[in-house]
Amino acid sequence: MKTLRTARVGDTVKVVKLHGEGAVKRRIMDMGLTKGVEVHIRKVAPLGDPIEVTVRGYELSLRKADAEMIEIE
């Protein structure tokens, strides 16, 4: 399973599935990360946390733990 956390800077990937439970999953979906959406990896902080992505035309920063819950292709 490939997750958003394993994607490299400059990659454009597609969300396949969201893992997680309840409020955490709802928060990720509220940020616009839903099944089928394309995500461009813009930057990764020096220690790997957070990850900055572009989704639906805006920039979003995600923690590694949240990025691990997003399965991509």
# chains A, B, ... in the order shown; residues from 1 in each chain; ligands from 1
>>> residues_around(residues="A:Glu59", least_positions_apart="3", cutoff="12 Å", atoms="only C-alpha atoms", output="number ranges by chain")
A: 31-33, 39-43, 51-56, 62
>>> write_last_selection(atoms="C-alpha atoms", output="CSV table (one decimal), in the first residue's frame")
chain,number,residue,atom,x,y,z
A,31,MET,CA,-9.8,19.6,3.9
A,32,GLY,CA,-10.7,18.4,0.4
A,33,LEU,CA,-8.8,15.1,0.4
A,39,VAL,CA,-2.7,15.9,-5.0
A,40,HIS,CA,0.6,17.6,-6.0
A,41,ILE,CA,3.4,17.2,-3.4
A,42,ARG,CA,5.0,20.7,-3.1
A,43,LYS,CA,7.4,20.5,-0.2
A,51,ILE,CA,4.2,17.8,4.1
A,52,GLU,CA,2.9,20.7,2.0
A,53,VAL,CA,0.6,19.7,-0.9
A,54,THR,CA,-1.6,21.4,-3.4
A,55,VAL,CA,-5.2,20.0,-3.6
A,56,ARG,CA,-8.2,21.5,-5.4
A,62,LEU,CA,-0.4,17.7,6.6
>>> residues_around(residues="A:Ile28", least_positions_apart="5", cutoff="12 Å", atoms="only C-alpha atoms", output="CSV table (one decimal) with C-alpha atoms, in the first residue's frame")
chain,number,residue,atom,x,y,z
A,15,VAL,CA,-6.2,9.5,-3.7
A,17,LYS,CA,-8.8,5.5,-0.2
A,18,LEU,CA,-8.9,7.2,3.2
A,19,HIS,CA,-8.0,5.1,6.3
A,20,GLY,CA,-8.8,6.2,9.8
A,21,GLU,CA,-11.8,6.4,12.1
A,22,GLY,CA,-14.5,8.9,12.9
A,23,ALA,CA,-13.4,12.5,13.5
A,33,LEU,CA,-8.8,15.1,0.4
A,34,THR,CA,-11.5,12.7,-1.0
A,35,LYS,CA,-11.4,9.6,-3.2
A,55,VAL,CA,-5.2,20.0,-3.6
A,60,LEU,CA,-2.4,22.4,2.5
A,61,SER,CA,0.0,21.2,5.2
A,62,LEU,CA,-0.4,17.7,6.6
A,63,ARG,CA,1.3,15.9,9.5
A,65,ALA,CA,0.5,10.8,10.8
A,66,ASP,CA,-2.4,12.2,8.7
A,67,ALA,CA,-0.5,11.6,5.4
A,68,GLU,CA,0.0,8.0,6.4
A,69,MET,CA,-3.8,7.5,6.4
A,70,ILE,CA,-4.2,8.5,2.7
>>> select_by_dssp(residues="chain A", states="strand (DSSP E)", output="number ranges by chain")
A: 12-18, 38-44, 51-55, 58-62, 70-72
>>> write_last_selection(atoms="N, CA, C and O atoms", output="CSV table (one decimal), in the first residue's frame")
chain,number,residue,atom,x,y,z
A,12,THR,N,2.6,14.1,-8.6
A,12,THR,CA,1.2,14.3,-8.6
A,12,THR,C,0.5,12.9,-8.5
A,12,THR,O,0.8,12.1,-9.4
A,13,VAL,N,-0.2,12.7,-7.5
A,13,VAL,CA,-0.8,11.4,-7.2
A,13,VAL,C,-2.3,11.5,-7.1
A,13,VAL,O,-2.9,12.6,-6.9
A,14,LYS,N,-3.0,10.4,-7.1
A,14,LYS,CA,-4.4,10.3,-7.0
A,14,LYS,C,-4.8,9.6,-5.7
A,14,LYS,O,-4.3,8.5,-5.4
A,15,VAL,N,-5.8,10.1,-4.9
A,15,VAL,CA,-6.2,9.5,-3.7
A,15,VAL,C,-7.1,8.3,-4.1
A,15,VAL,O,-8.0,8.4,-4.8
A,16,VAL,N,-6.8,7.1,-3.5
A,16,VAL,CA,-7.5,5.9,-3.7
A,16,VAL,C,-8.5,5.6,-2.6
A,16,VAL,O,-9.7,5.3,-2.8
A,17,LYS,N,-8.0,5.8,-1.3
A,17,LYS,CA,-8.8,5.5,-0.2
A,17,LYS,C,-8.3,6.2,1.0
A,17,LYS,O,-7.1,6.5,1.2
A,18,LEU,N,-9.2,6.5,1.9
A,18,LEU,CA,-8.9,7.2,3.2
A,18,LEU,C,-9.0,6.1,4.3
A,18,LEU,O,-10.1,5.5,4.4
A,38,GLU,N,-6.8,14.6,-7.2
A,38,GLU,CA,-5.3,14.7,-7.5
A,38,GLU,C,-4.7,15.6,-6.5
A,38,GLU,O,-5.2,16.7,-6.2
A,39,VAL,N,-3.5,15.2,-6.0
A,39,VAL,CA,-2.7,15.9,-5.0
A,39,VAL,C,-1.3,16.0,-5.6
A,39,VAL,O,-0.7,15.1,-6.0
A,40,HIS,N,-0.8,17.3,-5.5
A,40,HIS,CA,0.6,17.6,-6.0
A,40,HIS,C,1.4,17.8,-4.7
A,40,HIS,O,1.1,18.6,-3.9
A,41,ILE,N,2.6,17.1,-4.6
A,41,ILE,CA,3.4,17.2,-3.4
A,41,ILE,C,4.4,18.4,-3.7
A,41,ILE,O,5.2,18.4,-4.6
A,42,ARG,N,4.2,19.5,-2.9
A,42,ARG,CA,5.0,20.7,-3.1
A,42,ARG,C,6.3,20.7,-2.4
A,42,ARG,O,7.4,20.9,-2.9
A,43,LYS,N,6.3,20.5,-1.1
A,43,LYS,CA,7.4,20.5,-0.2
A,43,LYS,C,7.3,19.5,0.9
A,43,LYS,O,6.2,19.2,1.3
A,44,VAL,N,8.5,19.2,1.5
A,44,VAL,CA,8.5,18.4,2.7
A,44,VAL,C,9.5,19.0,3.6
A,44,VAL,O,10.6,19.4,3.2
A,51,ILE,N,4.1,18.0,5.6
A,51,ILE,CA,4.2,17.8,4.1
A,51,ILE,C,3.3,18.9,3.5
A,51,ILE,O,2.1,19.0,4.0
A,52,GLU,N,3.7,19.7,2.6
A,52,GLU,CA,2.9,20.7,2.0
A,52,GLU,C,2.5,20.2,0.6
A,52,GLU,O,3.3,19.8,-0.2
A,53,VAL,N,1.1,20.2,0.4
A,53,VAL,CA,0.6,19.7,-0.9
A,53,VAL,C,-0.4,20.7,-1.5
A,53,VAL,O,-0.8,21.6,-0.8
A,54,THR,N,-0.6,20.6,-2.8
A,54,THR,CA,-1.6,21.4,-3.4
A,54,THR,C,-2.8,20.5,-3.8
A,54,THR,O,-2.6,19.4,-4.4
A,55,VAL,N,-4.0,20.8,-3.3
A,55,VAL,CA,-5.2,20.0,-3.6
A,55,VAL,C,-6.3,21.0,-3.9
A,55,VAL,O,-6.5,21.9,-3.1
A,58,TYR,N,-5.5,24.8,-3.8
A,58,TYR,CA,-5.0,25.5,-2.6
A,58,TYR,C,-3.9,24.7,-1.9
A,58,TYR,O,-3.8,23.5,-2.1
A,59,GLU,N,-3.1,25.4,-1.1
A,59,GLU,CA,-2.0,24.7,-0.4
A,59,GLU,C,-2.5,24.2,0.9
A,59,GLU,O,-3.2,24.9,1.6
A,60,LEU,N,-2.0,23.0,1.3
A,60,LEU,CA,-2.4,22.4,2.5
A,60,LEU,C,-1.2,21.7,3.2
A,60,LEU,O,-0.4,21.1,2.5
A,61,SER,N,-1.0,21.9,4.5
A,61,SER,CA,0.0,21.2,5.2
A,61,SER,C,-0.6,20.1,6.0
A,61,SER,O,-1.5,20.3,6.7
A,62,LEU,N,0.1,18.9,5.9
A,62,LEU,CA,-0.4,17.7,6.6
A,62,LEU,C,0.7,17.2,7.5
A,62,LEU,O,1.9,17.2,7.1
A,70,ILE,N,-3.7,8.3,4.1
A,70,ILE,CA,-4.2,8.5,2.7
A,70,ILE,C,-3.5,7.6,1.8
A,70,ILE,O,-2.3,7.8,1.5
A,71,GLU,N,-4.3,6.7,1.2
A,71,GLU,CA,-3.7,5.7,0.3
A,71,GLU,C,-3.8,6.3,-1.1
A,71,GLU,O,-4.8,6.9,-1.5
A,72,ILE,N,-2.7,6.2,-1.9
A,72,ILE,CA,-2.6,6.8,-3.2
A,72,ILE,C,-2.2,5.8,-4.3
A,72,ILE,O,-1.9,4.7,-4.0
>>> select_by_dssp(residues="chain A", states="alpha helix (DSSP H)", output="list in words")
Gly22, Ala23, Val24, Lys25, Arg26, Arg27, Ile28, Met29, Asp30, Lys64, Ala65, Asp66 and Ala67 of chain A
>>> atom_distance(atom1="atom CA of A:Gly10", atom2="atom CA of A:Gly57")
15.4 Å
>>> closest_residue(among="A:Pro50, A:Val24, A:Glu73, A:Lys64", to="A:Gly36", atoms="only C-alpha atoms")
A:Glu73
>>> atom_distance(atom1="atom CA of A:Asp49", atom2="atom CA of A:Met29")
19.9 Å
>>> decode(residues="stretch 32-45 of chain A", atoms="all heavy atoms", output="CSV table (one decimal), in the first residue's frame")
chain,number,residue,atom,x,y,z
A,32,GLY,N,-10.7,18.6,1.9
A,32,GLY,CA,-10.7,18.4,0.4
A,32,GLY,C,-10.1,17.1,-0.1
A,32,GLY,O,-10.0,16.9,-1.3
A,33,LEU,N,-9.5,16.3,0.8
A,33,LEU,CA,-8.8,15.1,0.4
A,33,LEU,C,-9.9,13.9,0.4
A,33,LEU,O,-10.1,13.3,1.4
A,33,LEU,CB,-7.7,14.8,1.3
A,33,LEU,CG,-6.5,15.7,1.2
A,33,LEU,CD1,-5.6,15.6,2.4
A,33,LEU,CD2,-5.7,15.4,0.0
A,34,THR,N,-10.5,13.7,-0.8
A,34,THR,CA,-11.5,12.7,-1.0
A,34,THR,C,-11.0,11.8,-2.1
A,34,THR,O,-10.1,12.0,-2.8
A,34,THR,CB,-12.8,13.3,-1.3
A,34,THR,OG1,-12.7,14.1,-2.5
A,34,THR,CG2,-13.4,14.2,-0.1
A,35,LYS,N,-11.7,10.6,-2.2
A,35,LYS,CA,-11.4,9.6,-3.2
A,35,LYS,C,-11.4,10.2,-4.6
A,35,LYS,O,-12.4,10.9,-4.9
A,35,LYS,CB,-12.3,8.5,-3.1
A,35,LYS,CG,-12.1,7.3,-4.0
A,35,LYS,CD,-13.0,6.2,-3.8
A,35,LYS,CE,-12.8,5.1,-4.8
A,35,LYS,NZ,-13.8,4.0,-4.6
A,36,GLY,N,-10.4,10.0,-5.4
A,36,GLY,CA,-10.3,10.4,-6.7
A,36,GLY,C,-9.7,11.8,-7.0
A,36,GLY,O,-9.4,12.1,-8.1
A,37,VAL,N,-9.4,12.5,-6.0
A,37,VAL,CA,-8.8,13.9,-6.1
A,37,VAL,C,-7.3,13.8,-6.4
A,37,VAL,O,-6.7,12.9,-5.9
A,37,VAL,CB,-9.1,14.8,-4.9
A,37,VAL,CG1,-8.3,14.4,-3.7
A,37,VAL,CG2,-8.9,16.2,-5.3
A,38,GLU,N,-6.8,14.6,-7.2
A,38,GLU,CA,-5.3,14.7,-7.5
A,38,GLU,C,-4.7,15.6,-6.5
A,38,GLU,O,-5.2,16.7,-6.2
A,38,GLU,CB,-5.1,15.1,-8.9
A,38,GLU,CG,-5.5,14.0,-9.9
A,38,GLU,CD,-4.9,14.3,-11.3
A,38,GLU,OE1,-4.2,15.3,-11.5
A,38,GLU,OE2,-5.0,13.4,-12.1
A,39,VAL,N,-3.5,15.2,-6.0
A,39,VAL,CA,-2.7,15.9,-5.0
A,39,VAL,C,-1.3,16.0,-5.6
A,39,VAL,O,-0.7,15.1,-6.0
A,39,VAL,CB,-2.7,15.1,-3.7
A,39,VAL,CG1,-1.9,15.9,-2.7
A,39,VAL,CG2,-4.1,14.9,-3.2
A,40,HIS,N,-0.8,17.3,-5.5
A,40,HIS,CA,0.6,17.6,-6.0
A,40,HIS,C,1.4,17.8,-4.7
A,40,HIS,O,1.1,18.6,-3.9
A,40,HIS,CB,0.6,18.8,-6.9
A,40,HIS,CG,2.0,19.2,-7.3
A,40,HIS,ND1,2.7,18.4,-8.2
A,40,HIS,CD2,2.8,20.2,-6.9
A,40,HIS,CE1,3.9,19.0,-8.4
A,40,HIS,NE2,4.0,20.1,-7.6
A,41,ILE,N,2.6,17.1,-4.6
A,41,ILE,CA,3.4,17.2,-3.4
A,41,ILE,C,4.4,18.4,-3.7
A,41,ILE,O,5.2,18.4,-4.6
A,41,ILE,CB,4.3,16.0,-3.2
A,41,ILE,CG1,3.4,14.7,-3.2
A,41,ILE,CG2,5.1,16.1,-1.9
A,41,ILE,CD1,2.3,14.6,-2.3
A,42,ARG,N,4.2,19.5,-2.9
A,42,ARG,CA,5.0,20.7,-3.1
A,42,ARG,C,6.3,20.7,-2.4
A,42,ARG,O,7.4,20.9,-2.9
A,42,ARG,CB,4.2,21.9,-2.8
A,42,ARG,CG,3.1,22.2,-3.7
A,42,ARG,CD,2.3,23.4,-3.3
A,42,ARG,NE,3.1,24.5,-2.7
A,42,ARG,CZ,3.5,25.6,-3.3
A,42,ARG,NH1,3.1,25.8,-4.5
A,42,ARG,NH2,4.2,26.5,-2.7
A,43,LYS,N,6.3,20.5,-1.1
A,43,LYS,CA,7.4,20.5,-0.2
A,43,LYS,C,7.3,19.5,0.9
A,43,LYS,O,6.2,19.2,1.3
A,43,LYS,CB,7.6,21.9,0.5
A,43,LYS,CG,7.7,23.1,-0.4
A,43,LYS,CD,7.9,24.3,0.4
A,43,LYS,CE,7.4,25.5,-0.3
A,43,LYS,NZ,7.3,26.7,0.5
A,44,VAL,N,8.5,19.2,1.5
A,44,VAL,CA,8.5,18.4,2.7
A,44,VAL,C,9.5,19.0,3.6
A,44,VAL,O,10.6,19.4,3.2
A,44,VAL,CB,8.9,16.9,2.4
A,44,VAL,CG1,9.0,16.1,3.7
A,44,VAL,CG2,7.9,16.2,1.5
A,45,ALA,N,9.1,19.3,4.9
A,45,ALA,CA,10.0,19.9,5.8
A,45,ALA,C,11.3,19.1,6.0
A,45,ALA,O,11.3,17.9,5.8
A,45,ALA,CB,9.3,20.1,7.2
